[in-house]
Every structure is written in C-alpha cells, then in structure tokens.
>>> print(open('target24.txt').read())   # compact mmCIF, C-alpha atoms
# COMPACT_ATOMS: atom_id res chain seq x y z
CA MET A 1302 -176.65 -149.61 128.13
CA ARG A 1303 -178.75 -146.78 129.44
CA LYS A 1304 -177.59 -143.53 130.94
CA LEU A 1305 -179.82 -141.80 133.45
CA VAL A 1306 -178.90 -138.24 134.40
CA ASN A 1307 -180.14 -136.96 137.75
CA SER A 1308 -178.81 -133.83 139.45
CA GLY A 1309 -175.69 -133.92 137.35
CA VAL A 1310 -174.74 -137.47 138.45
CA VAL A 1311 -174.60 -140.23 135.88
CA TRP A 1312 -175.48 -143.66 136.95
CA VAL A 1313 -174.79 -146.45 134.52
CA GLY A 1314 -176.56 -149.79 134.79
CA LEU A 1315 -175.62 -152.79 132.85
CA SER A 1316 -177.84 -155.82 132.45
CA ILE A 1317 -176.90 -158.80 130.45
CA SER A 1318 -179.49 -161.15 129.05
CA ILE A 1319 -178.31 -164.43 127.71
CA PHE A 1320 -180.22 -165.38 124.61
CA GLY A 1321 -179.09 -167.61 121.79
CA PHE A 1322 -180.58 -169.21 118.76
CA TYR A 1323 -179.20 -172.26 117.14
CA SER A 1324 -180.20 -174.45 114.34
CA CYS A 1325 -181.78 -177.80 115.09
CA ASN A 1326 -178.32 -179.19 115.82
CA GLN A 1327 -176.45 -181.35 118.29
CA SER A 1328 -172.97 -181.42 119.73
CA GLY A 1329 -170.46 -183.98 121.02
CA THR A 1330 -170.35 -187.00 118.84
CA ASN A 1331 -172.33 -184.95 116.42
CA LYS A 1332 -169.90 -184.13 113.64
CA VAL A 1333 -170.32 -180.75 112.01
CA GLN A 1334 -170.60 -180.94 108.27
CA ASN A 1335 -168.34 -178.71 106.25
CA VAL A 1336 -169.94 -175.97 104.21
CA GLY A 1337 -169.43 -177.78 100.96
CA ALA A 1338 -171.45 -180.75 102.23
CA VAL A 1339 -174.58 -178.87 103.26
CA ASP A 1340 -176.81 -180.71 100.83
CA SER A 1341 -174.96 -184.02 100.75
CA MET A 1342 -176.41 -187.26 102.06
CA PRO A 1343 -174.23 -189.62 104.12
CA PRO A 1344 -173.92 -193.24 103.07
CA LYS A 1345 -176.64 -195.51 104.36
CA LYS A 1346 -175.81 -197.64 107.39
CA ASP A 1347 -177.85 -200.32 109.03
CA SER A 1348 -176.91 -200.09 112.69
CA LEU A 1349 -178.62 -198.06 115.38
CA LEU A 1350 -175.33 -196.26 115.96
CA ALA A 1351 -175.35 -195.19 112.33
CA VAL A 1352 -178.85 -193.80 112.72
CA GLN A 1353 -177.77 -191.58 115.58
CA ASP A 1354 -174.64 -190.49 113.78
CA SER A 1355 -176.74 -189.62 110.74
CA ILE A 1356 -179.05 -187.45 112.80
CA SER A 1357 -176.07 -185.73 114.35
CA LYS A 1358 -174.91 -184.74 110.88
CA VAL A 1359 -178.38 -183.77 109.72
CA ASP A 1360 -178.65 -181.02 112.28
CA SER A 1361 -175.06 -179.84 112.45
CA LEU A 1362 -174.92 -177.40 109.56
CA ARG A 1363 -173.14 -174.07 109.69
CA LYS A 1364 -173.86 -172.42 106.35
CA ASP A 1365 -177.53 -173.42 106.40
CA THR A 1366 -178.26 -172.45 109.99
CA ILE A 1367 -179.91 -169.80 112.04
CA THR A 1368 -176.82 -167.65 112.39
CA LYS A 1369 -178.52 -165.43 109.79
CA MET A 1370 -181.59 -165.03 111.96
CA GLU A 1371 -181.46 -161.30 112.55
CA GLU A 1372 -181.30 -160.48 108.87
CA ASN A 1373 -183.98 -162.99 107.90
CA VAL A 1374 -186.68 -162.43 110.50
CA ASP A 1375 -190.18 -162.15 109.07
CA TYR A 1376 -192.47 -161.15 111.89
CA LYS A 1377 -196.22 -160.88 111.45
CA GLY A 1378 -198.89 -159.96 113.95
CA THR A 1379 -198.89 -157.98 117.16
CA LYS A 1380 -196.89 -158.97 120.19
CA ASP A 1381 -196.50 -157.18 123.50
CA THR A 1382 -192.76 -157.11 124.17
CA THR A 1383 -192.90 -154.90 127.24
CA VAL A 1384 -190.01 -155.76 129.53
CA LEU A 1385 -191.36 -157.46 132.62
CA LEU A 1386 -188.27 -157.60 134.84
CA THR A 1387 -190.17 -159.52 137.47
CA ASP A 1388 -190.23 -163.03 138.83
CA THR A 1389 -193.67 -162.79 140.41
CA VAL A 1390 -195.98 -163.44 137.44
CA SER A 1391 -197.84 -166.72 137.92
CA PRO A 1392 -198.03 -169.07 136.23
CA ARG A 1393 -195.24 -169.17 133.67
CA TYR A 1394 -194.92 -172.11 131.34
CA ILE A 1395 -191.93 -174.31 130.48
CA TYR A 1396 -192.04 -176.52 127.38
CA LEU A 1397 -189.33 -179.19 127.32
CA THR A 1398 -189.11 -180.39 123.71
CA PHE A 1399 -187.00 -183.29 122.44
CA ASP A 1400 -186.29 -183.75 118.74
CA ASP A 1401 -185.36 -186.61 116.42
CA GLY A 1402 -186.77 -189.54 118.34
CA PRO A 1403 -187.18 -192.37 118.55
CA LEU A 1404 -183.48 -192.92 119.22
CA ASN A 1405 -181.38 -194.39 121.99
CA GLY A 1406 -182.10 -192.04 124.85
CA SER A 1407 -185.83 -191.82 124.21
CA GLN A 1408 -186.53 -194.57 126.73
CA HIS A 1409 -184.71 -192.60 129.44
CA LEU A 1410 -186.69 -189.44 128.69
CA ASP A 1411 -189.88 -191.45 129.10
CA SER A 1412 -188.64 -192.71 132.48
CA ILE A 1413 -187.52 -189.25 133.67
CA ALA A 1414 -190.88 -187.69 132.78
CA THR A 1415 -192.61 -190.39 134.84
CA ALA A 1416 -190.21 -190.15 137.78
CA LYS A 1417 -190.43 -186.35 137.94
CA GLY A 1418 -194.15 -186.20 137.19
CA ILE A 1419 -193.72 -183.55 134.48
CA LYS A 1420 -195.05 -183.07 130.95
CA ILE A 1421 -192.59 -183.33 128.04
CA ASN A 1422 -192.89 -182.99 124.26
CA ALA A 1423 -191.37 -185.39 121.70
CA PHE A 1424 -190.98 -184.32 118.06
CA LEU A 1425 -190.64 -187.61 116.20
CA ILE A 1426 -189.21 -188.66 112.83
CA GLY A 1427 -191.33 -191.19 110.97
CA ASN A 1428 -188.47 -193.08 109.37
CA HIS A 1429 -186.77 -193.72 112.71
CA ASP A 1430 -189.83 -195.46 114.03
CA LYS A 1431 -189.65 -197.94 111.13
CA MET A 1432 -185.95 -198.74 111.41
CA SER A 1433 -186.16 -201.35 114.16
CA LYS A 1434 -188.50 -202.99 116.62
CA LYS A 1435 -186.48 -201.43 119.42
CA LEU A 1436 -186.97 -197.90 118.14
CA HIS A 1437 -190.65 -198.56 117.51
CA SER A 1438 -190.98 -199.73 121.12
CA PHE A 1439 -189.64 -196.34 122.25
CA THR A 1440 -192.36 -194.61 120.21
CA GLU A 1441 -194.95 -196.82 121.85
CA ARG A 1442 -193.60 -195.97 125.30
CA TYR A 1443 -194.03 -192.30 124.49
CA LYS A 1444 -197.55 -192.76 123.15
CA ASN A 1445 -198.62 -194.81 126.17
CA ASN A 1446 -197.28 -192.27 128.68
CA PRO A 1447 -199.87 -189.58 129.57
CA LEU A 1448 -196.99 -187.25 130.48
CA VAL A 1449 -195.57 -187.33 126.94
CA ASP A 1450 -197.06 -185.65 123.89
CA CYS A 1451 -195.89 -186.75 120.44
CA TYR A 1452 -195.60 -184.34 117.52
CA ASN A 1453 -194.38 -184.24 113.94
CA HIS A 1454 -190.74 -183.61 112.97
CA SER A 1455 -191.15 -184.92 109.37
CA TYR A 1456 -190.70 -188.41 107.93
CA TRP A 1457 -187.22 -188.18 106.38
CA HIS A 1458 -185.79 -185.13 108.18
CA ALA A 1459 -185.07 -183.61 104.76
CA HIS A 1460 -182.48 -186.31 103.92
CA ASN A 1461 -179.85 -183.81 105.14
CA LYS A 1462 -180.74 -181.62 102.15
CA TYR A 1463 -182.52 -178.70 103.80
CA SER A 1464 -182.37 -176.20 100.93
CA THR A 1465 -183.49 -178.82 98.43
CA PHE A 1466 -186.23 -180.08 100.74
CA TYR A 1467 -187.77 -176.63 101.23
CA SER A 1468 -187.41 -175.64 97.57
CA ASN A 1469 -190.55 -177.71 96.88
CA PRO A 1470 -193.10 -176.79 99.58
CA GLN A 1471 -195.68 -179.27 98.32
CA THR A 1472 -193.26 -182.19 98.53
CA ALA A 1473 -192.15 -181.06 101.98
CA PHE A 1474 -195.78 -180.78 103.09
CA GLU A 1475 -196.47 -184.31 101.89
CA ASP A 1476 -193.47 -185.53 103.89
CA PHE A 1477 -195.08 -184.18 107.08
CA GLU A 1478 -198.39 -185.77 106.12
CA LEU A 1479 -196.62 -189.10 105.67
CA ALA A 1480 -195.04 -188.81 109.11
CA GLU A 1481 -198.41 -188.00 110.68
CA GLN A 1482 -200.03 -191.06 109.13
CA SER A 1483 -197.09 -193.37 109.76
CA LEU A 1484 -196.72 -192.42 113.43
CA GLY A 1485 -200.46 -192.17 114.10
CA LEU A 1486 -200.13 -188.64 115.46
CA THR A 1487 -203.25 -186.94 116.80
CA HIS A 1488 -201.99 -183.36 117.11
CA LYS A 1489 -201.41 -181.17 114.05
CA ILE A 1490 -198.21 -179.69 115.44
CA VAL A 1491 -194.90 -179.72 113.58
CA ARG A 1492 -191.32 -178.55 113.94
CA LEU A 1493 -189.40 -178.02 110.71
CA PRO A 1494 -186.03 -179.80 110.42
CA GLY A 1495 -183.15 -177.34 110.43
CA ARG A 1496 -185.41 -174.32 110.80
CA ASN A 1497 -186.48 -172.26 113.81
CA ILE A 1498 -189.80 -171.13 112.38
CA TRP A 1499 -192.96 -170.21 114.26
CA TYR A 1500 -196.41 -169.97 112.74
CA ILE A 1501 -199.25 -170.01 115.27
CA GLY A 1502 -202.56 -168.24 114.79
CA ASP A 1503 -201.89 -164.93 113.05
CA ARG A 1504 -198.29 -164.69 114.28
CA LYS A 1505 -195.22 -166.00 112.53
CA LYS A 1506 -191.45 -165.74 112.75
CA VAL A 1507 -189.10 -167.05 110.08
CA ASP A 1508 -185.36 -167.57 110.47
CA LEU A 1509 -184.42 -168.69 106.95
CA LYS A 1510 -186.62 -167.81 103.99
CA SER A 1511 -186.26 -171.18 102.30
CA GLY A 1512 -188.57 -172.74 104.90
CA ALA A 1513 -191.18 -169.98 104.87
CA SER A 1514 -193.35 -171.35 102.04
CA THR A 1515 -193.48 -174.80 103.63
CA ALA A 1516 -194.50 -173.26 106.96
CA GLU A 1517 -197.18 -171.23 105.17
CA LEU A 1518 -198.59 -174.33 103.49
CA LEU A 1519 -198.64 -176.24 106.75
CA HIS A 1520 -200.40 -173.33 108.46
CA GLN A 1521 -203.01 -173.14 105.70
CA ASN A 1522 -203.75 -176.82 106.32
CA GLY A 1523 -204.34 -176.42 110.02
CA TYR A 1524 -200.91 -177.13 111.48
CA LYS A 1525 -199.15 -175.17 114.22
CA VAL A 1526 -195.47 -174.67 113.44
CA ILE A 1527 -193.33 -174.56 116.59
CA GLY A 1528 -189.82 -173.15 116.96
CA TRP A 1529 -187.80 -172.69 120.14
CA ASP A 1530 -186.47 -169.97 122.44
CA CYS A 1531 -183.28 -171.62 123.66
CA GLU A 1532 -181.33 -174.81 123.08
CA TRP A 1533 -179.30 -177.21 125.21
CA LYS A 1534 -176.64 -179.37 123.60
CA ILE A 1535 -175.17 -182.35 125.42
CA ASN A 1536 -172.55 -184.72 124.05
CA GLY A 1537 -174.34 -188.04 123.56
CA VAL A 1538 -171.22 -190.06 124.47
CA THR A 1539 -169.45 -188.03 127.17
CA GLY A 1540 -172.52 -186.33 128.60
CA LYS A 1541 -170.68 -182.99 128.53
CA PRO A 1542 -173.09 -180.04 128.11
CA ASP A 1543 -172.46 -176.76 126.29
CA LEU A 1544 -174.13 -174.96 129.20
CA SER A 1545 -174.19 -175.94 132.87
CA VAL A 1546 -177.54 -176.59 134.49
CA ASN A 1547 -177.29 -173.25 136.29
CA GLN A 1548 -176.37 -171.34 133.12
CA LEU A 1549 -179.32 -172.76 131.24
CA TYR A 1550 -181.65 -172.15 134.18
CA ILE A 1551 -180.59 -168.49 134.29
CA GLN A 1552 -181.05 -168.16 130.53
CA MET A 1553 -184.59 -169.51 130.72
CA LYS A 1554 -185.38 -167.41 133.77
CA ASN A 1555 -184.16 -164.24 132.06
CA LEU A 1556 -186.27 -164.93 128.99
CA LEU A 1557 -189.32 -165.13 131.23
CA ARG A 1558 -188.40 -162.15 133.43
CA LYS A 1559 -187.79 -159.85 130.48
CA GLY A 1560 -190.62 -161.07 128.29
CA THR A 1561 -188.19 -161.78 125.43
CA SER A 1562 -189.30 -165.31 124.53
CA TYR A 1563 -191.49 -165.69 121.44
CA THR A 1564 -194.53 -165.45 123.68
CA LYS A 1565 -194.30 -163.75 127.07
CA ASN A 1566 -194.55 -166.05 130.10
CA ASN A 1567 -193.80 -169.07 127.90
CA VAL A 1568 -190.36 -170.50 127.10
CA VAL A 1569 -189.61 -173.42 124.77
CA LEU A 1570 -186.39 -175.39 125.27
CA LEU A 1571 -185.02 -177.50 122.41
CA THR A 1572 -182.84 -180.54 122.99
CA HIS A 1573 -182.51 -183.99 121.39
CA ASP A 1574 -183.31 -187.54 122.45
CA ASN A 1575 -179.93 -189.14 121.81
CA MET A 1576 -178.19 -186.69 124.14
CA TYR A 1577 -179.56 -188.63 127.11
CA GLN A 1578 -178.01 -192.03 126.48
CA THR A 1579 -175.49 -191.61 129.31
CA LYS A 1580 -176.10 -191.50 133.04
CA LYS A 1581 -174.39 -188.12 133.15
CA GLY A 1582 -176.72 -186.67 130.53
CA GLN A 1583 -179.72 -188.06 132.35
CA ARG A 1584 -178.53 -186.56 135.65
CA LEU A 1585 -178.09 -183.15 134.01
CA LEU A 1586 -181.64 -183.21 132.69
CA SER A 1587 -182.97 -184.35 136.07
CA ASP A 1588 -181.07 -181.53 137.79
CA LEU A 1589 -182.48 -178.96 135.37
CA ILE A 1590 -186.00 -180.22 135.98
CA ASP A 1591 -185.45 -180.07 139.74
CA SER A 1592 -184.19 -176.48 139.47
CA LEU A 1593 -187.19 -175.41 137.42
CA LYS A 1594 -189.61 -177.22 139.74
CA GLN A 1595 -188.30 -175.25 142.72
CA HIS A 1596 -189.56 -172.01 141.23
CA PRO A 1597 -193.08 -171.50 142.59
CA ASN A 1598 -194.44 -169.90 139.39
CA TYR A 1599 -193.16 -172.34 136.77
CA ARG A 1600 -195.36 -175.02 135.22
CA PHE A 1601 -194.34 -177.73 132.75
CA GLU A 1602 -196.77 -177.86 129.83
CA PHE A 1603 -197.63 -179.60 126.57
CA VAL A 1604 -196.96 -177.71 123.33
CA ARG A 1605 -200.57 -178.31 122.28
CA ASN A 1606 -201.52 -175.81 125.00
CA TYR A 1607 -199.08 -173.13 123.77
CA PRO A 1608 -201.06 -169.87 123.39
CA GLN A 1609 -202.24 -168.74 119.96
>>> encode(input="target24.txt", output="structure tokens")
Amino acid sequence: MRKLVNSGVVWVGLSISIFGFYSCNQSGTNKVQNVGAVDSMPPKKDSLLAVQDSISKVDSLRKDTITKMEENVDYKGTKDTTVLLTDTVSPRYIYLTFDDGPLNGSQHLDSIATAKGIKINAFLIGNHDKMSKKLHSFTERYKNNPLVDCYNHSYWHAHNKYSTFYSNPQTAFEDFELAEQSLGLTHKIVRLPGRNIWYIGDRKKVDLKSGASTAELLHQNGYKVIGWDCEWKINGVTGKPDLSVNQLYIQMKNLLRKGTSYTKNNVVLLTHDNMYQTKKGQRLLSDLIDSLKQHPNYRFEFVRNYPQ
C-alpha cells in the first residue's frame, strides 16, 4: 500500500501480486503425510500405481516444506529487483519444468511438447527409469525428442526422508551422481527433492537450511541447482487444478511484469509428470501453453539456457 499526497488529496492505489512457493509436492490423489511421518518410508509396492502413489507421498510434506521460506532465505550475490511494471520487454522466457518422471503422464507431456512445438524440461528420478520397461520407454521418448531436455532429480528421491537425506551431503551428492550415470544425462543440472533451492553462478537462494550443504557441494562440482518461481498442482485422477489456467497465467505474467521472479524476465513453473494422466489434465496444460504462446514477448526455453 502506498500513499501519495498531492495538493492535500490522498490517492490510494492497491496492487496485488500473486506469488506462492510450495514444496516439491502434488495434490489430488497425492496424500499428505502427517507431521509425525515426515521421515517415514512407505511400504514397497510393485505396481506402477504404487510408484505414483509413493511419489505423491514423497512430495506432500507439511512440516518439512517451504512454508518456512521467508525465515530461512539465504541470498548471495547481486540481483536487480527493480519493479518493471511493463509487458513490453522482449523477449521474456518461460521454463516449463516437470518433476518425478518417468511416470504415467510422461508420454503425454512428450506428445504435447511435439504438438505445440515448444521446449519443456523433465527432471527425472533414476530409480523410476529402472522400475519397468514401460517407464524406461518414457525416458527414451524424452531423450529422443529434441524439444525435451532431461535433468537430474536424484536417484532415490531421498526415500521420503528429506532431513535424513540432506544430513549427509556427501551421500546425497553421490545419489545425484548415480542418477546422472544411470540415466545417461548430459547436462549437469539438478533439482533437489523437497527443496526449492537455487545455486547458479555466484547467486544462491536457500529455502530450508538442511539442503544448503548438499547444494553447495553440487555447485562446487559444476552443477547448476534449479528451484522454481511458481507451482501448478493438478489432481492426477480427477484432473482438477488448484489454479485455473487464467489464474496461473496471471501469476506468471505478474512475476515477469514486476521483476519478482528469481531472475528478471525469466519464470520457472514447477509441475509433475503424473498430473497429466487424464485428458482433462492434458487439456489444461495445452490451454496454458496456448495462452502463453499468444503473448508476443514470451519464449519457451530450456533450463540449460537459464542465465547465470
């Protein structure tokens, strides 16, 4: 709220910017773990459905999430945060990122990227690729599509035990190395499970301190650590989103207009592969892409080209 006094008359202007951070979580069928089960591991199941349910639980923590972001931010390096309040800067870059693949839904993301002719970014889990020939085929589809870049989201996704996983940075680092080798990844770009941490060049931003040492070790070994600016959650069974296409579009647009994303003129959207199993979920994603494509200054880009 700002008050401007001119000739004794007070004009009050109110602008609302929608901006939210979430943990690497999912909604819908994704069951939220209770606080007491933050570091518990669900029983092993063999079916593909069990894999997706497991991932839902992995990323649906409350106690161990980014709700503490404001009090835990560690920001290093200079950043121009001047408010832009303009829609005319060209170009501005959109990074659509999809976590936890390969899963059911990955094949549809591959098809949508091809149909729309846009670049997308898949952060993959090494263990998922090894769980079945079907899931491995989804990884291969990604790797054979020039419109899809594949990056590292760990091998085991912390086994649901985020605090324990990050308590030993060397072990966590080796988990990412294993995923890189197992998946045959060519880009040294990672996203930490359950953490919205950035570490690129001489700039970093940390949401929860327990992941900071792992991010530091990855950075020292030549990796870029990528977080996100906004998140879209869609129920993997019903296709019901937490935000409408228009609401999310406005959120992304405001981040770009005001220069409040991690890097001005660049906005990273986080969502998850298994949220696009249904026709409804796929239509929502297609509609969002169409809305973003209509803006003359927006460009879809690979994370490997994110500015230092």
>>> closest_residue(input="target24.txt", among="A:Pro1542, A:Pro1447, A:Gly1502, A:Pro1494", to="A:Arg1584", atoms="only C-alpha atoms")
A:Pro1542
>>> atom_distance(input="target24.txt", atom1="atom CA of A:Lys1431", atom2="atom CA of A:Gln1471")
23.4 Å
>>> closest_residue(input="target24.txt", among="A:Asn1461, A:Gly1418, A:Gly1537, A:Tyr1500", to="A:Gln1521", atoms="only C-alpha atoms")
A:Tyr1500
>>> closest_residue(input="target24.txt", among="A:Asn1405, A:Thr1472, A:Ser1438, A:Asn1422", to="A:Asn1606", atoms="all atoms listed in the file")
A:Asn1422
>>> closest_residue(input="target24.txt", among="A:Trp1499, A:Tyr1396, A:Phe1466, A:Tyr1524", to="A:Glu1481", atoms="only C-alpha atoms")
A:Tyr1524
>>> closest_residue(input="target24.txt", among="A:Asn1555, A:Asp1503, A:Ser1545, A:Leu1448", to="A:Ile1413", atoms="all atoms listed in the file")
A:Leu1448
>>> axis_aligned_box(input="target24.txt", around="stretch 1423-1432 of chain A", padding_each_side="8 Å", output="AutoDock Vina command-line options")
--center_x -188.7 --center_y -191.5 --center_z 115.5 --size_x 21.4 --size_y 30.4 --size_z 28.3
